[in-house]
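Working notes, structure below.
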Amino acid sequence: MYAAPARPIHAATPPLEPRGRDSLFAAQRSPANPTSHGIELKPVTILRDSFLPRLADLPAADAPTCTADQYRSMFRFQHFNAVQSSVLDDVLHSDINVVLAAPTGSGKTGAFELGIIRMLHTQDASAKAVYLAPTKALCTERASDWKARMDHLGCRVAELTGDTNASSGLEQAKRARVIVATPEKWDSITRRWNDNEPMLRSVKLLLVDEVRLLSMQRGRGACIECVVSRMRTYGSNVRVVVLSATVPNAEDIATWLGSGSQVAKLHKFGEAYRPCPLTRHVYAYPNPKGDQWSFMHALNSKLVGIMQQHAESKPTLIFVPTRKAASQAALAILKDYKATYTRNEPGPWRRPQLNEPLVYKDKALTELAPFGIAFHHAGLDLTDRRAVEANFLKGRINALCSTSSLAVGVNLPAYLVIIRGTQSFDGAWREMNEIDLLQAVGRAGRPQFDTSGCCVILTEQQHKERWQRLLAGSTPIESTLHLDLVEHINAEIGLRGQTDEAALRRFLATTFLFVRLRQNPAHYDSLLQKGGGPRETAPDVVMDRLLQETLVKLGAHDLIAARPQATSPVCSNDRGHILSQYFLSLKTMATLCDLKLNSSVKDVLEALCNAEEYSEIRIRQGEKAPLVTLRSNPDIRYPPAKVVGGPEKRSLLIQATLAGLPLAELLATEGGAAFSPMSDCFVLFRHASRM
C-alpha cells in the first residue's frame, strides 16, 4: 500500500582535512594546527587570495559568469571552520540531498551558501534557490545579508513573507535567483502551482533552516513538512539541504529526504564543535498554587543573584514573555541592584561611567539608564529601540530585559542569556515552543564576541526535565502533520483537481509523519487508538485510517464533491478551492460558511474577529483598561458587551482604524505610554482582505 523502501543512512564523520585540492575552494591543512580536524574551530580550509583554483571538477553551466575569486569574496572570513570544511565536498561538489545537524553558532549557514554557489555555477540562469526560515525577522535578516554579499555576482535576492506586497513581491521573486521566504508564504504559493508553475519549475535548490520546525504545533510544523514533500513531488529535480541544531533522530530526517538510490547524506556534529563553549543551567522552582502571574514576579527576584553567579560582569540578556514583563523585570533588577550597594555587597557589574546621561523618550528607560539597565520590546518607540540596541553594543547597558524582539533579527552580543520563565500567555498559559527558546539561547556566547557563554533557564519544577533534554540535544523531532491533515490533504486535492485515494496515500508516504510512525509509534498513541478499541501498530493501517477520517471530515464540511462510492474520484469543489487558495484554517472556513446570506455587518465583524488566523492577537498585560475606555468611544459602532479577550480587542482595533481614530492617544496606559497597536492592526487588515 505504501511503497517506502528502506534506504541506508550515510552519517559522515568529520575528516582530518577536506578532500579535493583542485576544487573551487583550495583545501590546505592549517599550519597552525596540523593534526586537529578542527573541533576547536582552528583554520582548516584556507581561501587563498592569490590562488585561483581551476574549476575542472565543478561542472559549469553553458556560460558561467563568475570566477572562483568572485564566489570566494562572498565569505567575510579567510578560513572555513571544521563543520563547513567537512560538508564542503558533499554540498559543493555533488547534488545529493544533505542534512547537517550541528550546534548553534557553528557556521551552518555557510553550507547553504556553498549550495547556492553550486547552483549558480552549474545550472542555467533560470535556476532558483528557495531558503525557508521560521520567522519573518530571520527572513529579513538573511535576505539583507545575502543581498549585500551576492549582488556582485549578479544574483538577485527576493524576500517573500506575510509582510511582503502580494503582487510586487511575487514579481521580484520571479526575477530573483535566491528567494527567502517563510514556510507559510511558500505554502500559499505552491498551493497555486499551476498559476506559478514557470517559477516553481525553475526551483532547483530548497534550503530549510532549522528543521526542528517540524515539531511545532499550530500548523507551522505541518506546513514545512508539506512544503518539502510538495516541492519534491511536483518540482523538477529539486535538491534539498536542511540544517538543524543537534537532535537525536537526525537519521530520520535523512531517511525522509532520501529518494531511491540517491540517499540523503547526514553530517552530525556534537557540542564539541560549538565555537563558544556554552554552560547551561536549568533552575526549577515550585509553584504550589499554580498562579503564573505571581510565579513570574517571584522569578524577577532571582535575576540579580543569577547574574552575580554567572555573568562575570559581562552583558546579560533576559528574555521575558510580554512587553509589560520586560519593564517589570528591569525595574525589579534596579531595585535589587541598588540593594546590593546599600548592603556593601559586590554588584553583578560596575555602574557604567557615562560622559553624558542617556535620555530616552520612555521615562522608565531614562530612569534605568544610569545603572546600566534597560528593556526592549516592539511596543517601544523605534528611536528608543535603536538607541537601546546601540547602547548595549557600546557596553553602556549590562542587563537588558527583552521580549522575543531580540531573540531573532537583531544580533546583539551577550555572554549570559536568562530565560525568565518558560510560559507565555495567549489567552491561556502555555509552555513556549522549542524554536523560540533555542533562538533565545542562541544569543549566548556568539563566537564573534565571546570565547564562551552561559545560558540559564528559570522554570517550574514540573518542566525542568523537558528543558534539560532540549538543551542536551536529546529531544527528538516529531511530526505534527496529523494535527492539521484536513487543510493539507484539501490543498493536495485542489492541486490535482481530481485524484483518488491511492494517489493521496502515495503523497502521505512521502511525509515525515510516515517515517516517524515507523520509528516511534508510541508518540502517536492518539492516532493508534480506534474508537477506544485495540491499539493499531501498523503504520500503513494508521495512515490509511487517517486518510479515510480526513476525507470524511472534508465531505462533512462540504469541501469536496460528493462521493457515491469509496472508489469514486476525489474532487475539489468551490469551498475546498477557497479553503486552499486563500490559506484559511478549517475552523475559520466553517465559521465564515455558517454566516447567513442576510448577515449584518456586526455578524460579519464578529465572525472575522473569531478567525483562528488572529489567535496571536490577544490582550496583553496593561492593555485591558485602555481598551475598555476605547469601547465607550462614540465612533465605535458595534461595541462588544465586555472586553474579555482577543476577539473584543480585534473588533475594537478594526473599528477604530476604519473610523480614523488616533489610537496612539486613545490607548495610552497609566504611565503615559501607548501600547502601540500598529503591528496588531497591520496583521488584522492583512488577513481580513483575503478572508
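Labels used: A, B, ... for chains in the order of the C-alpha cells, numbers from 1 for residues in each chain, and numbers from 1 for ligands as shown.
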
Set out as a Markdown table a contact list for range 213-312 of chain A and range 198-208 of chain A with a cut-off of 12 Å, giving each residue of range 213-312 of chain A that qualifies its closest atom pair and distance in Å to one decimal, counting only C-alpha atoms, ordered by chain and rising residue number.
| residue | atom | partner | partner_atom | distance |
| --- | --- | --- | --- | --- |
| A:Leu213 | CA | A:Val208 | CA | 9.4 |
| A:Leu214 | CA | A:Val208 | CA | 10.8 |
| A:Ile224 | CA | A:Val208 | CA | 8.7 |
| A:Glu225 | CA | A:Val208 | CA | 10.5 |
| A:Val227 | CA | A:Leu206 | CA | 10.0 |
| A:Val228 | CA | A:Leu206 | CA | 8.0 |
| A:Ser229 | CA | A:Leu206 | CA | 11.1 |
| A:Arg230 | CA | A:Leu200 | CA | 10.9 |
| A:Met231 | CA | A:Leu206 | CA | 8.2 |
| A:Arg232 | CA | A:Leu206 | CA | 9.3 |
| A:Thr233 | CA | A:Arg201 | CA | 11.3 |
| A:Tyr234 | CA | A:Arg201 | CA | 8.2 |
| A:Gly235 | CA | A:Arg201 | CA | 5.6 |
| A:Ser236 | CA | A:Arg201 | CA | 5.7 |
| A:Asn237 | CA | A:Lys204 | CA | 6.4 |
| A:Val238 | CA | A:Lys204 | CA | 4.5 |
| A:Arg239 | CA | A:Leu205 | CA | 4.7 |
| A:Val240 | CA | A:Leu206 | CA | 4.8 |
| A:Val241 | CA | A:Leu207 | CA | 5.0 |
| A:Val242 | CA | A:Val208 | CA | 4.6 |
| A:Leu243 | CA | A:Val208 | CA | 6.3 |
| A:Ser244 | CA | A:Val208 | CA | 8.8 |
| A:Ile253 | CA | A:Val208 | CA | 11.8 |
| A:Leu257 | CA | A:Leu206 | CA | 11.5 |

Exercise. Pull the alpha helix (DSSP H) assignments for range 130-302 of chain A out of DSSP run on the backbone, and list those residues as a VMD selection string.
Key: chain A and resid 136 to 150 166 to 175 183 to 190 197 to 201 220 to 234 250 to 257 292 to 300

Include C-alpha atoms and write out the residues we just selected as a PDB file, in the first residue's frame.
ATOM      1  CA  LYS A 136       9.837  36.904   9.276  1.00  0.00           C
ATOM      2  CA  ALA A 137      12.629  38.537  11.277  1.00  0.00           C
ATOM      3  CA  LEU A 138      15.086  35.813  10.281  1.00  0.00           C
ATOM      4  CA  CYS A 139      13.979  36.090   6.650  1.00  0.00           C
ATOM      5  CA  THR A 140      14.610  39.828   6.666  1.00  0.00           C
ATOM      6  CA  GLU A 141      17.996  39.368   8.326  1.00  0.00           C
ATOM      7  CA  ARG A 142      19.072  36.662   5.868  1.00  0.00           C
ATOM      8  CA  ALA A 143      17.750  38.499   2.783  1.00  0.00           C
ATOM      9  CA  SER A 144      19.569  41.701   3.775  1.00  0.00           C
ATOM     10  CA  ASP A 145      22.822  39.834   4.376  1.00  0.00           C
ATOM     11  CA  TRP A 146      22.700  37.884   1.122  1.00  0.00           C
ATOM     12  CA  LYS A 147      21.722  40.910  -0.953  1.00  0.00           C
ATOM     13  CA  ALA A 148      24.871  42.668   0.260  1.00  0.00           C
ATOM     14  CA  ARG A 149      27.138  39.668  -0.374  1.00  0.00           C
ATOM     15  CA  MET A 150      25.656  38.312  -3.613  1.00  0.00           C
ATOM     16  CA  ALA A 166       1.492  40.290  -2.737  1.00  0.00           C
ATOM     17  CA  SER A 167       1.917  41.406  -6.354  1.00  0.00           C
ATOM     18  CA  SER A 168       5.268  43.222  -6.341  1.00  0.00           C
ATOM     19  CA  GLY A 169       6.853  40.644  -4.038  1.00  0.00           C
ATOM     20  CA  LEU A 170       5.899  37.789  -6.352  1.00  0.00           C
ATOM     21  CA  GLU A 171       7.191  39.669  -9.382  1.00  0.00           C
ATOM     22  CA  GLN A 172      10.521  40.250  -7.654  1.00  0.00           C
ATOM     23  CA  ALA A 173      10.684  36.553  -6.759  1.00  0.00           C
ATOM     24  CA  LYS A 174      10.180  35.580 -10.384  1.00  0.00           C
ATOM     25  CA  ARG A 175      13.230  37.648 -11.371  1.00  0.00           C
ATOM     26  CA  PRO A 183       7.168  28.266   5.173  1.00  0.00           C
ATOM     27  CA  GLU A 184       3.626  29.670   5.318  1.00  0.00           C
ATOM     28  CA  LYS A 185       4.227  32.059   2.424  1.00  0.00           C
ATOM     29  CA  TRP A 186       5.854  29.380   0.292  1.00  0.00           C
ATOM     30  CA  ASP A 187       2.998  27.014   1.126  1.00  0.00           C
ATOM     31  CA  SER A 188       0.476  29.547  -0.152  1.00  0.00           C
ATOM     32  CA  ILE A 189       2.480  29.990  -3.377  1.00  0.00           C
ATOM     33  CA  THR A 190       2.934  26.277  -4.049  1.00  0.00           C
ATOM     34  CA  GLU A 197       4.442  26.886 -12.489  1.00  0.00           C
ATOM     35  CA  PRO A 198       7.203  28.611 -14.529  1.00  0.00           C
ATOM     36  CA  MET A 199       8.791  29.985 -11.350  1.00  0.00           C
ATOM     37  CA  LEU A 200       8.251  26.821  -9.311  1.00  0.00           C
ATOM     38  CA  ARG A 201       9.650  24.524 -12.005  1.00  0.00           C
ATOM     39  CA  ARG A 220       3.833  25.530  11.438  1.00  0.00           C
ATOM     40  CA  GLY A 221       5.362  22.065  11.581  1.00  0.00           C
ATOM     41  CA  ALA A 222       2.755  20.562   9.264  1.00  0.00           C
ATOM     42  CA  CYS A 223       3.291  23.454   6.860  1.00  0.00           C
ATOM     43  CA  ILE A 224       7.037  22.920   6.443  1.00  0.00           C
ATOM     44  CA  GLU A 225       6.539  19.152   6.148  1.00  0.00           C
ATOM     45  CA  CYS A 226       4.026  19.501   3.316  1.00  0.00           C
ATOM     46  CA  VAL A 227       6.038  22.194   1.543  1.00  0.00           C
ATOM     47  CA  VAL A 228       9.128  19.975   1.385  1.00  0.00           C
ATOM     48  CA  SER A 229       7.111  16.949   0.239  1.00  0.00           C
ATOM     49  CA  ARG A 230       5.245  19.051  -2.342  1.00  0.00           C
ATOM     50  CA  MET A 231       8.426  20.547  -3.810  1.00  0.00           C
ATOM     51  CA  ARG A 232       9.939  17.086  -4.130  1.00  0.00           C
ATOM     52  CA  THR A 233       6.726  15.650  -5.646  1.00  0.00           C
ATOM     53  CA  TYR A 234       5.899  18.374  -8.162  1.00  0.00           C
ATOM     54  CA  ALA A 250      18.637  13.286  12.554  1.00  0.00           C
ATOM     55  CA  GLU A 251      18.801   9.904  10.774  1.00  0.00           C
ATOM     56  CA  ASP A 252      15.015  10.059  10.365  1.00  0.00           C
ATOM     57  CA  ILE A 253      15.329  13.401   8.577  1.00  0.00           C
ATOM     58  CA  ALA A 254      17.866  11.803   6.235  1.00  0.00           C
ATOM     59  CA  THR A 255      15.512   8.858   5.637  1.00  0.00           C
ATOM     60  CA  TRP A 256      12.662  11.243   4.833  1.00  0.00           C
ATOM     61  CA  LEU A 257      14.762  13.201   2.325  1.00  0.00           C
ATOM     62  CA  GLN A 292       1.569  32.048  36.970  1.00  0.00           C
ATOM     63  CA  TRP A 293       1.460  35.825  37.423  1.00  0.00           C
ATOM     64  CA  SER A 294       2.805  35.570  40.972  1.00  0.00           C
ATOM     65  CA  PHE A 295       5.340  32.966  39.889  1.00  0.00           C
ATOM     66  CA  MET A 296       6.698  35.227  37.139  1.00  0.00           C
ATOM     67  CA  HIS A 297       7.015  38.123  39.599  1.00  0.00           C
ATOM     68  CA  ALA A 298       8.832  35.826  42.031  1.00  0.00           C
ATOM     69  CA  LEU A 299      11.334  34.922  39.309  1.00  0.00           C
ATOM     70  CA  ASN A 300      12.256  38.603  38.981  1.00  0.00           C
TER      71      ASN A 300
END

Quiz item: To one decimal place, how far is CA of Gly107 in chain A from CA of Asp89 in chain A in Å?
Solution: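 The value is 15.8 Å.
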
Self-check item: Selection near Phe269 in chain A, 12 Å with only C-alpha atoms, sequence-local residues under 2 positions removed, as a ChimeraX atom specification
Solution: /A:11-15,38-39,82-84,86-87,99-104,106-108,243-248,250,266-267,271-275,473

Self-check item: strand (DSSP E or B) residues, from DSSP on the backbone, in range 434-580 of chain A, as a PyMOL selection string
Solution: chain A and resi 444+453-460+498-499+529+535+560+570-572

Go ahead and dump the residues you just picked, N, CA and C atoms, as an mmCIF file, in the first residue's frame.
data_model
loop_
_atom_site.group_PDB
_atom_site.id
_atom_site.type_symbol
_atom_site.label_atom_id
_atom_site.label_comp_id
_atom_site.auth_asym_id
_atom_site.auth_seq_id
_atom_site.Cartn_x
_atom_site.Cartn_y
_atom_site.Cartn_z
ATOM 1 N N ALA A 444 23.534 33.492 23.364
ATOM 2 C CA ALA A 444 24.596 33.394 24.375
ATOM 3 C C ALA A 444 25.910 32.974 23.731
ATOM 4 N N GLY A 453 30.217 31.195 26.747
ATOM 5 C CA GLY A 453 28.908 31.769 27.022
ATOM 6 C C GLY A 453 28.182 30.958 28.066
ATOM 7 N N CYS A 454 27.038 31.469 28.501
ATOM 8 C CA CYS A 454 26.273 30.798 29.540
ATOM 9 C C CYS A 454 24.796 31.080 29.316
ATOM 10 N N CYS A 455 23.970 30.086 29.512
ATOM 11 C CA CYS A 455 22.525 30.308 29.461
ATOM 12 C C CYS A 455 21.884 29.683 30.692
ATOM 13 N N VAL A 456 20.862 30.360 31.191
ATOM 14 C CA VAL A 456 20.144 29.911 32.384
ATOM 15 C C VAL A 456 18.655 29.951 32.078
ATOM 16 N N ILE A 457 17.975 28.853 32.334
ATOM 17 C CA ILE A 457 16.527 28.783 32.155
ATOM 18 C C ILE A 457 15.869 28.686 33.527
ATOM 19 N N LEU A 458 14.921 29.583 33.784
ATOM 20 C CA LEU A 458 14.146 29.549 35.022
ATOM 21 C C LEU A 458 12.751 29.017 34.692
ATOM 22 N N THR A 459 12.350 27.950 35.344
ATOM 23 C CA THR A 459 11.082 27.319 35.002
ATOM 24 C C THR A 459 10.454 26.696 36.235
ATOM 25 N N GLU A 460 9.268 26.122 36.035
ATOM 26 C CA GLU A 460 8.614 25.395 37.115
ATOM 27 C C GLU A 460 9.241 24.013 37.265
ATOM 28 N N GLN A 498 -8.642 16.513 -9.714
ATOM 29 C CA GLN A 498 -9.315 15.234 -9.500
ATOM 30 C C GLN A 498 -8.246 14.195 -9.215
ATOM 31 N N THR A 499 -8.459 13.407 -8.181
ATOM 32 C CA THR A 499 -7.462 12.417 -7.804
ATOM 33 C C THR A 499 -8.177 11.204 -7.233
ATOM 34 N N GLN A 529 -5.272 4.576 18.419
ATOM 35 C CA GLN A 529 -6.461 4.084 19.093
ATOM 36 C C GLN A 529 -7.644 4.247 18.150
ATOM 37 N N ARG A 535 -5.144 -1.110 20.220
ATOM 38 C CA ARG A 535 -4.109 -0.248 19.651
ATOM 39 C C ARG A 535 -3.591 -0.845 18.342
ATOM 40 N N ILE A 560 -15.302 18.824 -0.492
ATOM 41 C CA ILE A 560 -15.029 18.005 -1.680
ATOM 42 C C ILE A 560 -16.368 17.593 -2.271
ATOM 43 N N VAL A 570 -11.784 11.590 -6.040
ATOM 44 C CA VAL A 570 -11.814 12.639 -5.018
ATOM 45 C C VAL A 570 -11.616 13.968 -5.731
ATOM 46 N N CYS A 571 -12.629 14.829 -5.695
ATOM 47 C CA CYS A 571 -12.586 16.088 -6.451
ATOM 48 C C CYS A 571 -12.829 17.272 -5.520
ATOM 49 N N SER A 572 -12.122 18.324 -5.779
ATOM 50 C CA SER A 572 -12.321 19.558 -5.024
ATOM 51 C C SER A 572 -13.549 20.286 -5.538
#

Exercise. Using only C-alpha atoms, determine which residues lie at most 12 Å from Gly645 in chain A, disregarding the query and same-chain residues fewer than 5 positions distant; provide the list as a list in words.
Key: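 Answer for this query is Phe425, Asp426, Gly427, Ala428, Cys609, Asn610, Tyr614, Ser615, Glu616, Ile617, Arg618, Ile619, Arg620, Gln621, Glu623, Lys624, Leu627, Val628, Pro640, Arg650, Ser651 and Leu652 of chain A.
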
Self-check item: Å distance separating CA of Gly494 in chain A from CA of Gln262 in chain A, one decimal place
Solution: 29.8 Å

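Pairwise distance (CA of Leu667 in chain A, CA of Thr403 in chain A) equals 20.6 Å.
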
If we count only C-alpha atoms, what is near range 685-688 of chain A at a cut-off of 8 Å, once residues fewer than 6 positions away on the same chain are taken out, given as an mmCIF file with N, CA and C atoms, in the first residue's frame?
data_model
loop_
_atom_site.group_PDB
_atom_site.id
_atom_site.type_symbol
_atom_site.label_atom_id
_atom_site.label_comp_id
_atom_site.auth_asym_id
_atom_site.auth_seq_id
_atom_site.Cartn_x
_atom_site.Cartn_y
_atom_site.Cartn_z
ATOM 1 N N LEU A 608 -15.316 37.476 11.752
ATOM 2 C CA LEU A 608 -13.946 37.791 11.351
ATOM 3 C C LEU A 608 -13.008 37.833 12.561
ATOM 4 N N GLU A 613 -6.829 32.604 12.425
ATOM 5 C CA GLU A 613 -5.637 33.296 11.946
ATOM 6 C C GLU A 613 -5.233 34.459 12.847
ATOM 7 N N ILE A 654 -10.160 47.122 14.723
ATOM 8 C CA ILE A 654 -10.651 47.243 13.344
ATOM 9 C C ILE A 654 -11.589 48.442 13.221
#

Quiz item: Near Val304 in chain A, within 12 Å and counting only C-alpha atoms, which residues show up once chain neighbours fewer than 4 positions away are dropped, as a PyMOL selection string?
Solution: chain A and resi 299-300+308-311+313+316+318+329-340+346-349+373+398-399+418+420

So that I have them on file, write out the residues from the current selection with C-alpha atoms, as a CSV table (one decimal), in the first residue's frame.
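Okay, out-v8.csv is ready:
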chain,number,residue,atom,x,y,z
A,299,LEU,CA,11.3,34.9,39.3
A,300,ASN,CA,12.3,38.6,39.0
A,308,GLN,CA,26.1,37.7,40.3
A,309,GLN,CA,26.7,33.9,40.0
A,310,HIS,CA,27.1,33.5,36.2
A,311,ALA,CA,27.5,36.9,34.3
A,313,SER,CA,30.4,41.3,34.9
A,316,THR,CA,23.3,39.8,30.0
A,318,ILE,CA,17.0,38.4,30.0
A,329,ALA,CA,11.8,42.7,35.2
A,330,ALA,CA,14.1,45.7,34.5
A,331,LEU,CA,12.6,47.7,37.5
A,332,ALA,CA,13.0,44.6,39.7
A,333,ILE,CA,16.7,44.4,38.7
A,334,LEU,CA,17.2,48.1,39.5
A,335,LYS,CA,15.7,47.6,43.0
A,336,ASP,CA,17.9,44.6,43.8
A,337,TYR,CA,20.9,46.2,42.2
A,338,LYS,CA,20.6,49.3,44.5
A,339,ALA,CA,20.1,46.9,47.5
A,340,THR,CA,23.5,45.2,46.9
A,346,PRO,CA,29.7,43.5,45.2
A,347,GLY,CA,27.1,44.0,42.4
A,348,PRO,CA,26.8,41.9,39.3
A,349,TRP,CA,28.5,44.7,37.3
A,373,ILE,CA,19.7,48.5,32.9
A,398,ASN,CA,24.8,45.4,31.2
A,399,ALA,CA,21.3,44.0,31.8
A,418,ILE,CA,18.5,34.2,31.0
A,420,ARG,CA,12.9,34.2,32.9
